[in-house]
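Heads up, final-v3.txt below (compact mmCIF, C-alpha atoms):
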# COMPACT_ATOMS: atom_id res chain seq x y z
CA MET A 22 36.40 44.69 147.19
CA LYS A 23 36.31 42.15 144.38
CA ALA A 24 35.55 42.86 140.75
CA ARG A 25 35.44 41.09 137.41
CA ILE A 26 36.45 42.52 134.06
CA LYS A 27 35.32 41.15 130.73
CA VAL A 28 37.14 42.18 127.57
CA THR A 29 35.53 41.38 124.22
CA LEU A 30 36.34 42.16 120.60
CA LYS A 31 34.40 45.00 119.02
CA ASN A 32 31.95 44.19 116.25
CA GLY A 33 33.66 43.95 112.89
CA VAL A 34 37.06 43.00 114.31
CA LEU A 35 38.19 39.72 112.81
CA ASP A 36 38.57 36.91 115.37
CA PRO A 37 40.63 34.08 113.82
CA GLN A 38 40.75 32.23 117.16
CA GLY A 39 36.97 32.33 117.51
CA LYS A 40 36.71 31.00 113.94
CA ALA A 41 39.07 28.11 114.75
CA ILE A 42 37.03 27.23 117.86
CA GLU A 43 33.86 27.34 115.75
CA HIS A 44 35.48 24.98 113.26
CA ALA A 45 36.48 22.57 116.06
CA LEU A 46 32.93 22.64 117.45
CA ASP A 47 31.67 21.73 114.01
CA GLN A 48 34.06 18.78 113.85
CA LEU A 49 32.78 17.60 117.25
CA GLY A 50 29.26 17.63 115.91
CA PHE A 51 28.04 20.75 117.74
CA ALA A 52 26.32 21.93 114.61
CA GLY A 53 24.07 24.48 116.31
CA ILE A 54 26.80 26.47 118.12
CA GLY A 55 28.12 29.29 115.97
CA ASP A 56 29.34 32.90 115.95
CA VAL A 57 32.10 32.19 118.50
CA ARG A 58 33.94 35.32 119.68
CA GLN A 59 36.85 34.80 122.06
CA GLY A 60 37.42 37.27 124.86
CA LYS A 61 39.28 37.69 128.17
CA TYR A 62 38.13 37.55 131.77
CA PHE A 63 39.95 38.98 134.81
CA GLU A 64 39.25 38.72 138.53
CA VAL A 65 40.76 41.44 140.70
CA THR A 66 40.72 42.57 144.33
CA LEU A 67 40.72 46.27 145.14
CA ALA A 68 41.86 47.97 148.33
CA GLU A 69 39.33 50.74 147.60
CA GLN A 70 36.03 50.22 149.46
CA ASN A 71 34.01 53.03 147.89
CA PRO A 72 32.20 51.50 144.85
CA ASP A 73 32.26 54.72 142.79
CA LYS A 74 35.96 55.23 143.36
CA ALA A 75 36.66 51.55 142.72
CA ARG A 76 34.78 51.70 139.43
CA ALA A 77 36.61 54.86 138.36
CA GLN A 78 39.92 53.22 139.14
CA LEU A 79 39.02 50.14 137.10
CA GLU A 80 37.76 52.25 134.19
CA ASP A 81 41.14 53.92 134.07
CA ALA A 82 42.96 50.57 134.29
CA CYS A 83 40.78 49.11 131.52
CA LYS A 84 41.55 52.00 129.18
CA LYS A 85 45.27 51.94 129.94
CA LEU A 86 45.94 48.20 130.14
CA PHE A 87 43.20 45.54 130.37
CA ALA A 88 41.69 46.46 126.99
CA ASN A 89 42.98 47.94 123.76
CA THR A 90 40.03 50.19 122.98
CA VAL A 91 41.01 50.32 119.30
CA ILE A 92 39.75 46.73 118.96
CA GLU A 93 38.15 45.78 122.28
CA ASN A 94 35.25 46.67 124.58
CA TYR A 95 35.34 46.12 128.33
CA ALA A 96 32.72 45.57 131.02
CA ILE A 97 33.27 45.94 134.77
CA GLU A 98 31.27 44.08 137.41
CA LEU A 99 31.77 45.16 141.03
CA ASP A 100 30.75 42.98 143.95
CA ALA A 101 27.99 44.69 145.92
CA MET B 17 73.81 59.62 112.73
CA LYS B 18 73.31 58.71 116.37
CA SER B 19 70.88 55.98 117.31
CA ALA B 20 69.43 54.11 120.25
CA VAL B 21 67.78 50.71 120.59
CA ILE B 22 65.28 50.16 123.40
CA VAL B 23 65.59 46.82 125.16
CA TYR B 24 62.58 45.23 126.88
CA PRO B 25 62.53 41.89 128.70
CA GLY B 26 61.72 39.17 126.18
CA ILE B 27 62.95 41.10 123.14
CA ASN B 28 65.25 39.06 120.88
CA ARG B 29 66.03 41.18 117.82
CA GLU B 30 67.79 44.05 119.54
CA ARG B 31 71.24 42.87 118.51
CA ASP B 32 70.17 42.38 114.88
CA MET B 33 68.89 45.96 114.92
CA ALA B 34 72.06 47.27 116.61
CA ARG B 35 74.24 45.47 114.09
CA ALA B 36 72.32 46.86 111.11
CA LEU B 37 72.48 50.40 112.55
CA GLU B 38 76.20 50.12 113.20
CA LEU B 39 76.87 48.62 109.77
CA VAL B 40 75.22 51.49 107.94
CA THR B 41 75.98 54.43 110.25
CA GLY B 42 79.43 53.35 111.44
CA LYS B 43 78.42 54.08 115.03
CA LYS B 44 77.30 51.72 117.76
CA PRO B 45 73.80 52.59 118.96
CA HIS B 46 73.04 53.22 122.62
CA MET B 47 71.26 50.25 124.14
CA VAL B 48 68.57 51.66 126.45
CA TRP B 49 66.90 49.52 129.13
CA HIS B 50 63.09 49.79 129.39
CA GLY B 51 63.36 50.69 133.08
CA ASP B 52 65.49 53.78 132.38
CA SER B 53 63.77 57.13 132.34
CA GLU B 54 65.65 58.82 129.52
CA ILE B 55 66.82 58.01 126.00
CA PRO B 56 70.09 59.77 125.06
CA ASP B 57 69.96 62.54 122.44
CA VAL B 58 69.88 60.62 119.17
CA ASP B 59 68.56 60.98 115.63
CA VAL B 60 66.86 57.60 115.46
CA ILE B 61 65.28 55.43 118.15
CA ALA B 62 64.66 51.78 117.24
CA VAL B 63 62.00 49.71 119.00
CA PRO B 64 63.04 46.19 118.05
CA GLY B 65 61.28 42.86 117.59
CA GLY B 66 60.86 39.92 119.90
CA PHE B 67 58.39 38.82 122.52
CA SER B 68 58.36 41.50 125.20
CA TYR B 69 56.83 40.15 128.41
CA GLY B 70 56.13 36.86 126.66
CA ASP B 71 53.34 38.53 124.66
CA TYR B 72 51.21 38.37 127.84
CA LEU B 73 47.81 40.12 127.75
CA ARG B 74 48.33 41.43 124.17
CA CYS B 75 51.56 41.65 122.16
CA GLY B 76 53.35 44.84 123.20
CA ALA B 77 50.69 45.87 125.76
CA ILE B 78 52.88 45.63 128.83
CA ALA B 79 56.04 46.99 127.18
CA ALA B 80 53.94 49.99 126.08
CA GLN B 81 53.57 50.89 129.77
CA SER B 82 57.33 50.76 130.47
CA ARG B 83 59.03 53.59 132.30
CA ILE B 84 61.01 54.54 129.18
CA GLY B 85 57.70 55.04 127.34
CA ALA B 86 57.17 58.58 128.60
CA ASP B 87 60.47 59.75 127.11
CA LEU B 88 59.89 57.76 123.91
CA LYS B 89 56.54 59.53 123.51
CA LYS B 90 58.10 62.92 124.27
CA LYS B 91 60.91 62.43 121.76
CA ALA B 92 58.51 61.10 119.10
CA ASP B 93 56.34 64.19 119.60
CA LYS B 94 59.44 66.36 119.17
CA GLY B 95 60.11 64.72 115.81
CA VAL B 96 62.89 62.27 116.64
CA ARG B 97 62.67 59.36 114.18
CA VAL B 98 61.29 56.14 115.59
CA LEU B 99 61.77 52.86 113.72
CA ALA B 100 59.45 50.23 115.21
CA VAL B 101 59.80 46.72 113.84
CA CYS B 102 57.63 43.65 114.54
CA ASN B 103 57.04 43.56 118.32
CA GLY B 104 58.19 47.20 118.18
CA PHE B 105 55.29 47.95 115.80
CA GLN B 106 52.91 46.26 118.26
CA ILE B 107 54.40 48.29 121.13
CA VAL B 108 54.02 51.66 119.39
CA THR B 109 50.44 50.92 118.31
CA GLU B 110 49.64 49.99 121.93
CA MET B 111 51.21 53.35 122.89
CA GLN B 112 49.00 54.95 120.23
CA LEU B 113 51.96 56.51 118.47
CA LEU B 114 50.48 54.83 115.38
CA PRO B 115 46.82 54.00 114.65
CA GLY B 116 45.29 50.52 114.46
CA ALA B 117 46.29 47.23 116.03
CA LEU B 118 48.05 43.99 115.15
CA LEU B 119 45.77 40.97 115.47
CA ARG B 120 46.53 37.25 115.46
CA ASN B 121 47.52 36.06 111.93
CA ALA B 122 44.38 35.15 110.00
CA HIS B 123 45.52 31.52 109.54
CA LEU B 124 46.55 31.34 113.22
CA LYS B 125 50.06 30.11 112.45
CA PHE B 126 53.39 31.69 113.30
CA VAL B 127 55.01 32.74 110.00
CA CYS B 128 58.76 32.79 109.49
CA LYS B 129 59.61 33.31 105.86
CA GLU B 130 60.51 35.79 103.17
CA VAL B 131 57.88 38.04 101.60
CA LYS B 132 57.86 40.64 98.85
CA LEU B 133 57.29 44.24 99.86
CA GLU B 134 56.18 47.09 97.64
CA ILE B 135 57.52 50.52 98.53
CA ALA B 136 54.14 52.23 98.61
CA ASN B 137 55.59 55.61 99.61
CA ASN B 138 59.23 56.49 98.99
CA ARG B 139 58.86 60.11 100.07
CA THR B 140 59.59 59.35 103.70
CA ALA B 141 62.74 59.63 105.79
CA PHE B 142 62.77 55.82 105.97
CA THR B 143 62.32 54.93 102.29
CA ASN B 144 63.84 57.68 100.11
CA ALA B 145 66.69 55.40 98.99
CA TYR B 146 64.12 53.13 97.31
CA LYS B 147 62.14 53.82 94.14
CA GLN B 148 58.38 54.37 94.35
CA GLY B 149 56.69 51.04 93.63
CA GLN B 150 59.95 49.10 93.94
CA ILE B 151 59.53 45.50 95.08
CA ILE B 152 62.02 44.29 97.68
CA ARG B 153 62.54 41.02 99.54
CA CYS B 154 62.15 41.04 103.30
CA PRO B 155 61.91 38.41 106.05
CA VAL B 156 58.92 38.23 108.40
CA ALA B 157 58.65 36.29 111.68
CA HIS B 158 55.51 36.81 113.73
CA HIS B 159 52.30 35.35 115.11
CA ASP B 160 50.34 38.61 115.44
CA GLY B 161 51.00 40.72 112.38
CA ASN B 162 47.51 41.03 110.99
CA TYR B 163 47.11 44.80 110.71
CA PHE B 164 43.63 46.04 111.52
CA ALA B 165 42.07 49.49 111.75
CA ASP B 166 38.50 50.69 111.32
CA ASP B 167 37.32 51.69 107.83
CA GLU B 168 37.70 55.40 108.49
CA THR B 169 41.31 55.00 109.67
CA VAL B 170 42.24 52.80 106.71
CA LYS B 171 40.68 55.33 104.34
CA ARG B 172 42.73 58.09 105.94
CA LEU B 173 45.96 56.03 105.81
CA GLU B 174 45.33 55.37 102.10
CA GLY B 175 44.30 58.93 101.30
CA GLU B 176 47.21 60.58 103.08
CA ASN B 177 49.84 58.17 101.79
CA HIS B 178 50.66 56.84 105.24
CA ILE B 179 51.00 53.27 104.01
CA VAL B 180 54.72 52.89 103.39
CA PHE B 181 55.08 49.15 102.79
CA ARG B 182 52.61 46.71 101.30
CA TYR B 183 52.90 42.94 100.93
CA ALA B 184 53.26 42.37 97.18
CA GLU B 185 52.75 39.62 94.63
CA GLY B 186 50.31 37.66 96.77
CA THR B 187 52.72 37.27 99.69
CA ASN B 188 50.50 38.78 102.42
CA PRO B 189 51.49 36.35 105.20
CA ASN B 190 48.94 37.29 107.88
CA GLY B 191 45.69 38.66 106.45
CA SER B 192 46.53 42.34 106.99
CA ILE B 193 43.85 44.67 105.69
CA ASN B 194 44.78 46.18 102.26
CA ASP B 195 48.08 44.20 102.40
CA ILE B 196 49.44 46.76 104.87
CA ALA B 197 52.96 45.85 106.07
CA GLY B 198 54.12 49.22 107.39
CA ILE B 199 52.69 52.65 108.15
CA ILE B 200 53.96 56.08 109.12
CA ASN B 201 52.44 58.76 111.35
CA GLU B 202 51.14 62.12 110.22
CA LYS B 203 54.38 63.92 111.04
CA GLY B 204 56.41 61.34 109.11
CA ASN B 205 58.80 60.50 111.93
CA VAL B 206 57.34 57.28 113.38
CA LEU B 207 57.43 54.18 111.17
CA GLY B 208 55.97 50.84 112.22
CA MET B 209 56.37 47.66 110.18
CA MET B 210 56.04 43.92 110.74
CA PRO B 211 58.84 42.74 108.36
CA HIS B 212 62.50 42.80 109.44
CA PRO B 213 64.65 45.02 107.18
CA GLU B 214 67.50 44.65 109.73
CA ASN B 215 67.76 40.99 108.75
CA LEU B 216 68.64 41.63 105.11
CA VAL B 217 71.55 44.07 105.26
CA GLU B 218 74.72 42.04 104.61
CA PRO B 219 75.80 39.38 102.10
CA LEU B 220 75.68 36.63 104.74
CA HIS B 221 71.95 37.37 105.16
CA GLY B 222 71.47 36.43 101.51
CA GLY B 223 70.62 39.92 100.33
CA LEU B 224 70.88 43.64 100.94
CA ASP B 225 67.27 44.69 100.30
CA GLY B 226 66.77 46.00 103.85
CA ARG B 227 69.78 48.30 103.72
CA GLY B 228 67.90 51.01 101.86
CA LEU B 229 65.84 51.78 104.93
CA PHE B 230 68.91 52.49 107.06
CA GLU B 231 70.61 54.34 104.20
CA SER B 232 67.49 56.50 103.80
CA LEU B 233 67.73 57.50 107.47
CA LEU B 234 71.43 58.23 107.11
CA GLU B 235 70.72 60.35 104.05
CA THR B 236 68.08 62.50 105.74
CA VAL B 237 69.87 62.89 109.06
CA ALA B 238 73.41 63.25 107.65

Would you put the structure from the file into structure tokens?
Amino acid sequence: MKARIKVTLKNGVLDPQGKAIEHALDQLGFAGIGDVRQGKYFEVTLAEQNPDKARAQLEDACKKLFANTVIENYAIELDA
Amino acid sequence: MKSAVIVYPGINRERDMARALELVTGKKPHMVWHGDSEIPDVDVIAVPGGFSYGDYLRCGAIAAQSRIGADLKKKADKGVRVLAVCNGFQIVTEMQLLPGALLRNAHLKFVCKEVKLEIANNRTAFTNAYKQGQIIRCPVAHHDGNYFADDETVKRLEGENHIVFRYAEGTNPNGSINDIAGIINEKGNVLGMMPHPENLVEPLHGGLDGRGLFESLLETVA
């Protein structure tokens, strides 16, 4: 089973990299694109075929490794 | 005083730390590989600086899951002193032995320079050889040293005197909230800091300002 994990910064956490990207966009003339927040995206394959069990396994992995829940949120998308 | 230094792949300050510990305590520390399951019985465990696992995923995130971590956590819970410097600070926050996180420096650049540190709390096992409010010199070298915690956590750190070092005289090199350079846990046995006291302990380093930290430990362990 395949899944995708998105990790994003929580609201209120400073994102200097997002700011730098925003600045570069500005320089390129993309005046209307703002509020850039940089995140991470993972694609994984699971041996588990049961969607509930697969999700539980990924939840655990997100909390332990993929995301630092002090500063980041995560979202899991499982292939149907 | 017996000590140990944990060595992870990609770490590069473990010998600086070992040298500083030996210089002040007169005893060579145990060097403990991250894949080992047990840290020898010591008074102080150092988690040194560097770039464990190439800073992949997040600085310190993968090292935090090392096999040795379980024993490090156990010994920290028992009250063994843990000195976590730079990447070590990132590793112990990822292990949640200390609150908060270290973000990318606000100006996005790697900083390698000397800063001024204020001893914000000298009533700890790591700082009792310094005077309260004393300003010392200390080198920093990092890309992700921007200390962040939510408002409630910062308020608690301030209120309970858990901020041990603060960047002083306008030398905050990374945008850390409230100029936080180093914090201690509730129990007072786990210290995390971004600056490198182990790199200012002998005349050849150009100063001895970092020695006080190791002398403090020696004093309280005896």

For chain A, list the residues within 12 Å of chain B, counting only C-alpha atoms, and write the list as a tab-separated table (two decimals) with C-alpha atoms, in the coordinates of the input.
chain	number	residue	atom	x	y	z
A	28	VAL	CA	37.14	42.18	127.57
A	30	LEU	CA	36.34	42.16	120.60
A	31	LYS	CA	34.40	45.00	119.02
A	32	ASN	CA	31.95	44.19	116.25
A	33	GLY	CA	33.66	43.95	112.89
A	34	VAL	CA	37.06	43.00	114.31
A	35	LEU	CA	38.19	39.72	112.81
A	36	ASP	CA	38.57	36.91	115.37
A	37	PRO	CA	40.63	34.08	113.82
A	38	GLN	CA	40.75	32.23	117.16
A	39	GLY	CA	36.97	32.33	117.51
A	40	LYS	CA	36.71	31.00	113.94
A	41	ALA	CA	39.07	28.11	114.75
A	42	ILE	CA	37.03	27.23	117.86
A	59	GLN	CA	36.85	34.80	122.06
A	60	GLY	CA	37.42	37.27	124.86
A	61	LYS	CA	39.28	37.69	128.17
A	62	TYR	CA	38.13	37.55	131.77
A	63	PHE	CA	39.95	38.98	134.81
A	82	ALA	CA	42.96	50.57	134.29
A	83	CYS	CA	40.78	49.11	131.52
A	84	LYS	CA	41.55	52.00	129.18
A	85	LYS	CA	45.27	51.94	129.94
A	86	LEU	CA	45.94	48.20	130.14
A	87	PHE	CA	43.20	45.54	130.37
A	88	ALA	CA	41.69	46.46	126.99
A	89	ASN	CA	42.98	47.94	123.76
A	90	THR	CA	40.03	50.19	122.98
A	91	VAL	CA	41.01	50.32	119.30
A	92	ILE	CA	39.75	46.73	118.96
A	93	GLU	CA	38.15	45.78	122.28

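Between CA of Ile196 (chain B) and CA of Arg182 (chain B) the interatomic distance comes to 4.8 Å.
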
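Proximity of A:Leu46, A:Ile54, A:Leu99, A:Ala77 to Ile26 (chain A), computed with all atoms listed in the file, is greatest for A:Leu99.
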
*Interatomic distance between CA of Asp57 (chain B) and CA of Val217 (chain B)?*
25.3 Å

_Just to confirm, what's the straight-line distance from CA of Gly198 (chain B) to CA of Ile27 (chain B) in Å (one decimal)?_
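Separating CA of Gly198 (chain B) from CA of Ile27 (chain B) is a distance of 19.8 Å.
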
*For region 60-71 of chain B, list every protein, DNA or RNA residue within 6 Å, evaluated using all atoms listed in the file, and leave out those in the same chain fewer than 4 positions away; present the list as number ranges by chain.*
B: 19-22, 24-30, 75, 97-104

Let me know the centre plus edge lengths, in Å and rounded to one decimal, of a box with edges along x, y and z that contains all listed atoms of region 64-79 of chain A and is padded by 5 Å on every side, as AutoDock Vina command-line options.
--center_x 37.0 --center_y 47.0 --center_z 143.3 --size_x 19.7 --size_y 26.5 --size_z 22.4

Will you model N, CA and C atoms for region 52-71 of chain A and pass it back as a PDB file, in the frame of the given file?
ATOM      1  N   ALA A  52      26.696  21.182 115.811  1.00  0.00           N
ATOM      2  CA  ALA A  52      26.320  21.930 114.610  1.00  0.00           C
ATOM      3  C   ALA A  52      25.610  23.239 114.943  1.00  0.00           C
ATOM      4  N   GLY A  53      24.880  23.296 116.027  1.00  0.00           N
ATOM      5  CA  GLY A  53      24.070  24.480 116.310  1.00  0.00           C
ATOM      6  C   GLY A  53      24.784  25.587 117.042  1.00  0.00           C
ATOM      7  N   ILE A  54      26.082  25.412 117.376  1.00  0.00           N
ATOM      8  CA  ILE A  54      26.800  26.470 118.120  1.00  0.00           C
ATOM      9  C   ILE A  54      27.677  27.235 117.141  1.00  0.00           C
ATOM     10  N   GLY A  55      27.356  28.506 116.940  1.00  0.00           N
ATOM     11  CA  GLY A  55      28.120  29.290 115.970  1.00  0.00           C
ATOM     12  C   GLY A  55      28.473  30.663 116.515  1.00  0.00           C
ATOM     13  N   ASP A  56      28.985  31.517 115.618  1.00  0.00           N
ATOM     14  CA  ASP A  56      29.340  32.900 115.950  1.00  0.00           C
ATOM     15  C   ASP A  56      30.194  32.997 117.220  1.00  0.00           C
ATOM     16  N   VAL A  57      31.249  32.182 117.307  1.00  0.00           N
ATOM     17  CA  VAL A  57      32.100  32.190 118.500  1.00  0.00           C
ATOM     18  C   VAL A  57      33.019  33.408 118.460  1.00  0.00           C
ATOM     19  N   ARG A  58      33.028  34.173 119.544  1.00  0.00           N
ATOM     20  CA  ARG A  58      33.940  35.320 119.680  1.00  0.00           C
ATOM     21  C   ARG A  58      34.712  35.102 120.960  1.00  0.00           C
ATOM     22  N   GLN A  59      36.035  35.041 120.872  1.00  0.00           N
ATOM     23  CA  GLN A  59      36.850  34.800 122.060  1.00  0.00           C
ATOM     24  C   GLN A  59      37.154  36.114 122.767  1.00  0.00           C
ATOM     25  N   GLY A  60      37.097  36.079 124.096  1.00  0.00           N
ATOM     26  CA  GLY A  60      37.420  37.270 124.860  1.00  0.00           C
ATOM     27  C   GLY A  60      38.310  36.942 126.045  1.00  0.00           C
ATOM     28  N   LYS A  61      38.437  37.894 126.985  1.00  0.00           N
ATOM     29  CA  LYS A  61      39.280  37.690 128.170  1.00  0.00           C
ATOM     30  C   LYS A  61      38.478  38.040 129.420  1.00  0.00           C
ATOM     31  N   TYR A  62      38.838  37.376 130.518  1.00  0.00           N
ATOM     32  CA  TYR A  62      38.130  37.550 131.770  1.00  0.00           C
ATOM     33  C   TYR A  62      39.146  37.711 132.890  1.00  0.00           C
ATOM     34  N   PHE A  63      39.006  38.727 133.714  1.00  0.00           N
ATOM     35  CA  PHE A  63      39.950  38.980 134.810  1.00  0.00           C
ATOM     36  C   PHE A  63      39.192  39.078 136.125  1.00  0.00           C
ATOM     37  N   GLU A  64      39.781  38.531 137.172  1.00  0.00           N
ATOM     38  CA  GLU A  64      39.250  38.720 138.530  1.00  0.00           C
ATOM     39  C   GLU A  64      40.275  39.541 139.279  1.00  0.00           C
ATOM     40  N   VAL A  65      39.828  40.583 139.961  1.00  0.00           N
ATOM     41  CA  VAL A  65      40.760  41.440 140.700  1.00  0.00           C
ATOM     42  C   VAL A  65      40.201  41.751 142.097  1.00  0.00           C
ATOM     43  N   THR A  66      41.118  42.109 143.003  1.00  0.00           N
ATOM     44  CA  THR A  66      40.720  42.570 144.330  1.00  0.00           C
ATOM     45  C   THR A  66      41.221  43.989 144.508  1.00  0.00           C
ATOM     46  N   LEU A  67      40.338  44.867 144.958  1.00  0.00           N
ATOM     47  CA  LEU A  67      40.720  46.270 145.140  1.00  0.00           C
ATOM     48  C   LEU A  67      40.802  46.621 146.627  1.00  0.00           C
ATOM     49  N   ALA A  68      41.771  47.468 146.962  1.00  0.00           N
ATOM     50  CA  ALA A  68      41.860  47.970 148.330  1.00  0.00           C
ATOM     51  C   ALA A  68      40.758  49.005 148.574  1.00  0.00           C
ATOM     52  N   GLU A  69      40.356  49.702 147.520  1.00  0.00           N
ATOM     53  CA  GLU A  69      39.330  50.740 147.600  1.00  0.00           C
ATOM     54  C   GLU A  69      37.965  50.152 148.023  1.00  0.00           C
ATOM     55  N   GLN A  70      37.317  50.753 148.990  1.00  0.00           N
ATOM     56  CA  GLN A  70      36.030  50.220 149.460  1.00  0.00           C
ATOM     57  C   GLN A  70      34.834  51.007 148.923  1.00  0.00           C
ATOM     58  N   ASN A  71      35.089  52.218 148.459  1.00  0.00           N
ATOM     59  CA  ASN A  71      34.010  53.030 147.890  1.00  0.00           C
ATOM     60  C   ASN A  71      33.732  52.563 146.444  1.00  0.00           C
TER      61      ASN A  71
END
